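Dumped input.txt below, it's compact mmCIF, C-alpha atoms:
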# COMPACT_ATOMS: atom_id res chain seq x y z
CA PRO A 1 25.19 -10.24 -5.58
CA PHE A 2 21.77 -11.61 -4.76
CA GLN A 3 20.22 -10.26 -1.57
CA ALA A 4 17.85 -13.05 -0.56
CA CYS A 5 17.55 -13.16 3.21
CA THR A 6 16.26 -15.77 5.62
CA THR A 7 16.64 -14.15 9.04
CA GLN A 8 15.87 -10.85 10.68
CA HIS A 9 19.57 -10.01 11.02
CA MET A 10 20.28 -10.62 7.34
CA ARG A 11 17.47 -8.43 6.02
CA PRO A 12 18.49 -5.65 3.66
CA PRO A 13 17.99 -2.09 4.94
CA ARG A 14 14.41 -0.85 4.95
CA ALA A 15 12.88 1.90 7.12
CA ASP A 16 14.91 4.09 9.46
CA ASP A 17 14.22 3.94 13.18
CA ASP A 18 11.46 6.53 12.94
CA GLY A 19 9.70 4.42 10.29
CA LEU A 20 9.14 7.41 8.01
CA ARG A 21 11.84 7.08 5.37
CA ARG A 22 12.40 4.19 3.00
CA ARG A 23 15.61 2.64 1.75
CA SER A 24 15.83 -0.22 -0.73
CA PRO A 25 18.57 -2.83 -1.16
CA PRO A 26 20.42 -3.16 -4.48
CA PRO A 27 18.69 -4.79 -7.50
CA MET A 28 18.34 -8.53 -7.58
CA GLY A 29 16.72 -9.38 -10.91
CA SER A 30 13.74 -11.54 -11.85
CA LEU A 31 12.37 -14.67 -10.21
CA ALA A 32 13.62 -16.74 -13.11
CA THR A 33 17.16 -15.40 -12.66
CA LEU A 34 17.01 -15.93 -8.93
CA GLY A 35 15.84 -19.51 -9.35
CA ARG A 36 19.01 -20.38 -11.27
CA HIS A 37 21.23 -19.17 -8.44
CA VAL A 38 19.42 -20.18 -5.25
CA PRO A 39 18.70 -23.82 -4.31
CA HIS A 40 15.10 -24.92 -3.99
CA LYS A 41 15.34 -25.44 -0.22
CA ALA A 42 16.73 -21.95 0.24
CA ARG A 43 13.84 -20.46 -1.73
CA GLN A 44 11.40 -22.20 0.59
CA VAL A 45 12.75 -20.47 3.71
CA MET A 46 13.44 -16.97 2.36
CA THR A 47 11.66 -14.27 4.29
CA ASP A 48 12.79 -11.25 2.24
CA LEU A 49 12.98 -10.94 -1.54
CA TYR A 50 14.03 -7.92 -3.59
CA LEU A 51 12.97 -7.76 -7.26
CA GLY A 52 13.05 -4.01 -7.79
CA GLY A 53 14.19 -2.37 -11.00
CA GLY A 54 14.12 -5.53 -13.08
CA GLY A 55 11.74 -4.42 -15.83
CA ILE A 56 9.03 -6.80 -14.57
CA GLU A 57 5.68 -6.27 -16.32
CA ALA A 58 3.65 -8.96 -14.52
CA ILE A 59 4.13 -10.84 -11.27
CA ASP A 60 4.99 -14.49 -11.89
CA GLY A 61 2.66 -16.17 -9.43
CA LYS A 62 3.75 -19.67 -10.42
CA ALA A 63 7.41 -18.97 -9.73
CA LEU A 64 6.54 -17.14 -6.52
CA GLU A 65 4.85 -20.25 -5.09
CA GLU A 66 8.28 -21.66 -4.22
CA TYR A 67 8.90 -18.81 -1.78
CA GLU A 68 6.61 -20.15 0.90
CA SER A 69 7.96 -18.10 3.81
CA LEU A 70 8.02 -14.62 2.28
CA GLU A 71 7.24 -11.81 4.69
CA CYS A 72 8.74 -8.88 2.81
CA LEU A 73 8.67 -8.39 -0.97
CA TRP A 74 10.10 -5.53 -3.04
CA LEU A 75 8.66 -5.15 -6.55
CA ASN A 76 9.28 -1.42 -6.86
CA ASP A 77 10.56 0.42 -9.95
CA ASN A 78 9.19 -2.05 -12.48
CA GLN A 79 6.43 -1.88 -15.10
CA ILE A 80 3.68 -3.70 -13.22
CA SER A 81 0.14 -2.57 -14.06
CA LYS A 82 -1.89 -5.17 -12.12
CA VAL A 83 -1.38 -6.60 -8.64
CA GLN A 84 -1.83 -10.26 -9.50
CA GLY A 85 0.05 -13.48 -8.79
CA LEU A 86 0.40 -12.96 -5.04
CA GLY A 87 -2.41 -15.28 -3.99
CA ARG A 88 -0.02 -17.80 -2.39
CA ALA A 89 2.06 -15.12 -0.67
CA PHE A 90 -0.42 -14.86 2.17
CA ARG A 91 2.34 -14.53 4.80
CA LEU A 92 3.46 -11.17 3.47
CA LYS A 93 3.73 -8.39 6.02
CA GLU A 94 5.49 -5.81 3.86
CA LEU A 95 4.90 -5.16 0.15
CA TYR A 96 6.68 -2.45 -1.84
CA LEU A 97 5.10 -1.64 -5.22
CA GLN A 98 6.12 2.00 -5.61
CA ASN A 99 7.12 3.43 -9.00
CA ASN A 100 5.12 1.08 -11.20
CA ALA A 101 2.10 1.58 -13.49
CA ILE A 102 -0.67 0.14 -11.29
CA VAL A 103 -4.06 1.57 -12.25
CA SER A 104 -6.34 -0.14 -9.71
CA ILE A 105 -6.37 -2.41 -6.65
CA SER A 106 -10.15 -2.75 -6.48
CA SER A 107 -10.70 -5.34 -9.22
CA PRO A 108 -11.74 -8.88 -8.18
CA SER A 109 -8.49 -10.25 -9.60
CA CYS A 110 -6.29 -8.11 -7.35
CA SER A 111 -4.13 -10.31 -5.11
CA LEU A 112 -4.14 -7.93 -2.15
CA ARG A 113 -7.39 -9.43 -0.88
CA HIS A 114 -5.54 -12.69 -0.13
CA ILE A 115 -2.91 -11.01 2.05
CA LYS A 116 -4.64 -10.80 5.42
CA PHE A 117 -1.73 -9.79 7.65
CA LEU A 118 -0.20 -7.01 5.57
CA GLN A 119 1.31 -4.29 7.77
CA THR A 120 3.21 -2.09 5.30
CA LEU A 121 2.09 -1.28 1.75
CA ASP A 122 3.81 1.19 -0.57
CA LEU A 123 1.85 2.08 -3.73
CA SER A 124 3.33 5.53 -4.24
CA ASN A 125 3.97 6.92 -7.71
CA ASN A 126 1.57 4.70 -9.61
CA LEU A 127 -1.56 5.52 -11.63
CA LEU A 128 -4.23 4.87 -9.02
CA GLU A 129 -7.52 6.74 -9.42
CA GLY A 130 -10.67 6.62 -7.33
CA LEU A 131 -9.88 7.28 -3.68
CA ALA A 132 -13.12 5.73 -2.39
CA THR A 133 -12.70 2.42 -4.22
CA THR A 134 -9.01 2.23 -3.34
CA LEU A 135 -9.67 2.72 0.37
CA GLU A 136 -12.54 0.26 0.22
CA ALA A 137 -10.15 -2.36 -1.17
CA LEU A 138 -7.86 -1.77 1.81
CA SER A 139 -10.55 -1.55 4.49
CA SER A 140 -10.28 -5.25 5.34
CA LYS A 141 -6.54 -4.95 6.11
CA LEU A 142 -6.89 -4.73 9.88
CA TYR A 143 -3.13 -4.98 10.47
CA LEU A 144 -2.17 -2.31 7.93
CA THR A 145 -0.42 0.48 9.84
CA ASN A 146 1.94 1.94 7.23
CA LEU A 147 0.49 3.02 3.87
CA ASN A 148 1.93 5.20 1.10
CA LEU A 149 -0.27 6.42 -1.76
CA HIS A 150 1.67 9.58 -2.54
CA GLY A 151 2.15 10.50 -6.19
CA ASN A 152 -1.07 8.92 -7.50
CA PRO A 153 -3.87 10.84 -9.28
CA LEU A 154 -6.23 10.07 -6.38
CA CYS A 155 -4.11 12.34 -4.17
CA ASN A 156 -5.74 15.32 -5.90
CA GLU A 157 -9.20 14.48 -4.58
CA PRO A 158 -10.67 16.78 -1.90
CA ASN A 159 -9.79 15.94 1.72
CA TYR A 160 -7.51 13.17 0.49
CA ARG A 161 -5.51 12.65 3.68
CA LEU A 162 -8.39 13.07 6.10
CA THR A 163 -10.59 10.70 4.11
CA ALA A 164 -7.88 8.06 4.16
CA LEU A 165 -7.42 8.39 7.92
CA GLN A 166 -11.16 8.21 8.40
CA ARG A 167 -11.52 5.01 6.38
CA LEU A 168 -8.34 3.41 7.75
CA PRO A 169 -8.19 4.49 11.42
CA GLN A 170 -5.54 1.90 12.28
CA LEU A 171 -2.85 3.72 10.24
CA ARG A 172 0.17 4.98 12.16
CA ILE A 173 2.15 6.20 9.15
CA PHE A 174 0.53 7.58 6.01
CA ASP A 175 2.49 8.89 3.02
CA LEU A 176 5.71 8.72 5.07
CA ALA A 177 4.28 11.03 7.75
CA ALA A 178 3.30 9.99 11.26
CA VAL A 179 -0.42 10.07 12.00
CA THR A 180 -0.96 12.46 14.92
CA ASP A 181 -3.79 12.64 17.42
CA GLU A 182 -4.77 15.98 15.88
CA SER A 183 -5.12 14.50 12.40
CA ARG A 184 -7.16 11.60 13.79
CA ALA A 185 -9.51 14.05 15.49
CA GLU A 186 -9.84 16.06 12.29
CA ALA A 187 -10.63 12.93 10.33
CA SER A 188 -13.23 11.95 12.92
CA ALA A 189 -14.80 15.40 12.62
CA LEU A 190 -14.95 14.91 8.88
CA LEU A 191 -17.06 11.80 9.44
CA CYS A 192 -19.51 13.73 11.63
CA SER A 193 -19.82 16.80 9.36
CA PRO A 194 -23.40 17.58 8.25
CA ARG A 195 -24.25 17.25 4.59
CA ILE A 196 -25.61 20.56 3.22
CA THR A 197 -27.06 20.92 -0.26
CA LYS A 198 -27.23 24.07 -2.39
CA PRO A 199 -28.78 24.59 -5.83
CA PHE A 200 -26.34 23.98 -8.64
CA GLY A 201 -27.41 23.79 -12.28
CA PHE A 202 -30.22 21.30 -12.77
CA GLY A 203 -29.54 19.40 -9.59
CA SER A 204 -27.86 20.10 -6.29
CA ARG A 205 -24.31 20.25 -5.02
CA VAL A 206 -23.34 18.54 -1.77
CA LEU A 207 -21.08 20.56 0.52
CA PRO A 208 -20.30 18.08 3.32
CA PHE A 209 -17.93 20.27 5.31
CA GLU A 210 -19.76 23.62 5.43
CA ARG A 211 -20.42 24.87 8.95
CA THR A 212 -23.99 24.72 10.20
CA SER A 213 -23.69 28.38 11.25
CA HIS A 214 -23.49 29.40 7.59
CA VAL A 215 -26.92 27.88 7.02
CA ARG A 216 -28.39 29.71 9.99
CA GLY A 217 -26.98 32.99 8.78
CA ALA A 218 -28.51 32.49 5.35
CA ALA A 219 -31.96 31.83 6.78
Would you encode the structure as structure tokens?
Amino acid sequence: PFQACTTQHMRPPRADDDGLRRRSPPPMGSLATLGRHVPHKARQVMTDLYLGGGGIEAIDGKALEEYESLECLWLNDNQISKVQGLGRAFRLKELYLQNNAIVSISSPSCSLRHIKFLQTLDLSNNLLEGLATTLEALSSKLYLTNLNLHGNPLCNEPNYRLTALQRLPQLRIFDLAAVTDESRAEASALLCSPRITKPFGFGSRVLPFERTSHVRGAA
């Protein structure tokens, strides 16, 4: 059965009370399929919409325009490579895009820049590269407190977690783990670390986190 919800009490299950684990409702299908089963007036007042696991390759922005009140959208477990078509979904507070094939969110055509009040964003298990550009694309999301980037190639970059917490200090949950005061302090220290250079090949290598005492000892 379709799981389109219009009230808080009718929402399908999402995070547990601790906000760290994720649960998704059963599959719903595509927007085209949904449109044949739900009256137009009902689509206008839906707050939650689940379209996970439907083999979707691109977000149908035209069809999505009818869902004027959307606050929570599941598009997980599809074949989406670009985050486009969400320009009119500016009321979204929660967006689940995990387990897709998204390669970037920093292009000018990415719809995330239109979603000003986003609070929860799941981009885990995609193909995102470039930690700096990805975090820059999210830096304007002042209300974003729950972010998941786990399982992307950018996770292999040095100081991945601390860099993310440094660039997005408003986060309370990152990669399904609570952000502690200790991790915030460590991220803040990362920002203040001196930049030390050492000869390397024909140029120089920057070692931003080496202790100043090492330099004194080498002198």
(request) Write out as a PyMOL selection string the residues lying within 10 Å of A:Thr133, counting all atoms listed in the file and excluding same-chain residues fewer than 4 positions away. (result) chain A and resi 104-107+129+137-139
(request) Could you please determine the separation between atom CA of A:Ile115 and atom CA of A:Asp175 in Å, to one decimal place? (result) 20.6 Å
(message) To one decimal place in Å, what is the distance between atom CA of A:Leu176 and atom CA of A:Ala189?
(response) 22.9 Å
Residues near A:Leu70, cut-off 12 Å, all atoms listed in the file, skip fewer than 3 positions along chain, as a compact mmCIF listing (two decimals) with C-alpha atoms, in the coordinates of the input:
# COMPACT_ATOMS: atom_id res chain seq x y z
CA ALA A 4 17.85 -13.05 -0.56
CA CYS A 5 17.55 -13.16 3.21
CA THR A 6 16.26 -15.77 5.62
CA THR A 7 16.64 -14.15 9.04
CA ARG A 11 17.47 -8.43 6.02
CA ALA A 42 16.73 -21.95 0.24
CA ARG A 43 13.84 -20.46 -1.73
CA GLN A 44 11.40 -22.20 0.59
CA VAL A 45 12.75 -20.47 3.71
CA MET A 46 13.44 -16.97 2.36
CA THR A 47 11.66 -14.27 4.29
CA ASP A 48 12.79 -11.25 2.24
CA LEU A 49 12.98 -10.94 -1.54
CA TYR A 50 14.03 -7.92 -3.59
CA LEU A 64 6.54 -17.14 -6.52
CA GLU A 65 4.85 -20.25 -5.09
CA GLU A 66 8.28 -21.66 -4.22
CA TYR A 67 8.90 -18.81 -1.78
CA LEU A 73 8.67 -8.39 -0.97
CA TRP A 74 10.10 -5.53 -3.04
CA LEU A 86 0.40 -12.96 -5.04
CA ARG A 88 -0.02 -17.80 -2.39
CA ALA A 89 2.06 -15.12 -0.67
CA PHE A 90 -0.42 -14.86 2.17
CA ARG A 91 2.34 -14.53 4.80
CA LEU A 92 3.46 -11.17 3.47
CA LYS A 93 3.73 -8.39 6.02
CA GLU A 94 5.49 -5.81 3.86
CA LEU A 95 4.90 -5.16 0.15
CA ILE A 115 -2.91 -11.01 2.05
CA LEU A 118 -0.20 -7.01 5.57
(request) Could you please determine the separation between atom CA of A:Asp77 and atom CA of A:Gln98 in Å, to one decimal place? (result)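 That distance, rounded to one decimal, is 6.4 Å.
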(message) So that I can check the surroundings of A:Leu144, please list as a PyMOL selection string every protein, DNA and RNA residue that reaches within 8 Å of it, counting only C-alpha atoms and ignoring chain neighbours fewer than 3 positions away.
(response) chain A and resi 117-121+141+147+170-171
Could you write out the selected residues, including C-alpha atoms, as a compact mmCIF listing (two decimals), keeping the file's coordinate frame?
# COMPACT_ATOMS: atom_id res chain seq x y z
CA PHE A 117 -1.73 -9.79 7.65
CA LEU A 118 -0.20 -7.01 5.57
CA GLN A 119 1.31 -4.29 7.77
CA THR A 120 3.21 -2.09 5.30
CA LEU A 121 2.09 -1.28 1.75
CA LYS A 141 -6.54 -4.95 6.11
CA LEU A 147 0.49 3.02 3.87
CA GLN A 170 -5.54 1.90 12.28
CA LEU A 171 -2.85 3.72 10.24
(request) May I ask which of the residues A:Arg167, A:Lys82, A:Arg172, A:Lys41 is the closest one to A:Glu68, counting only C-alpha atoms? (result)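 Going through A:Arg167, A:Lys82, A:Arg172, A:Lys41 one by one, the smallest distance to A:Glu68 is for A:Lys41.
Applying the 10 Å criterion to (1.5, -1.6, -15.7) in file coordinates and using only C-alpha atoms, one obtains the residues Ile56, Glu57, Ala58, Asn78, Gln79, Ile80, Ser81, Lys82, Val83, Asn100, Ala101, Ile102, Val103, Ser104, Asn126 and Leu127 of chain A.
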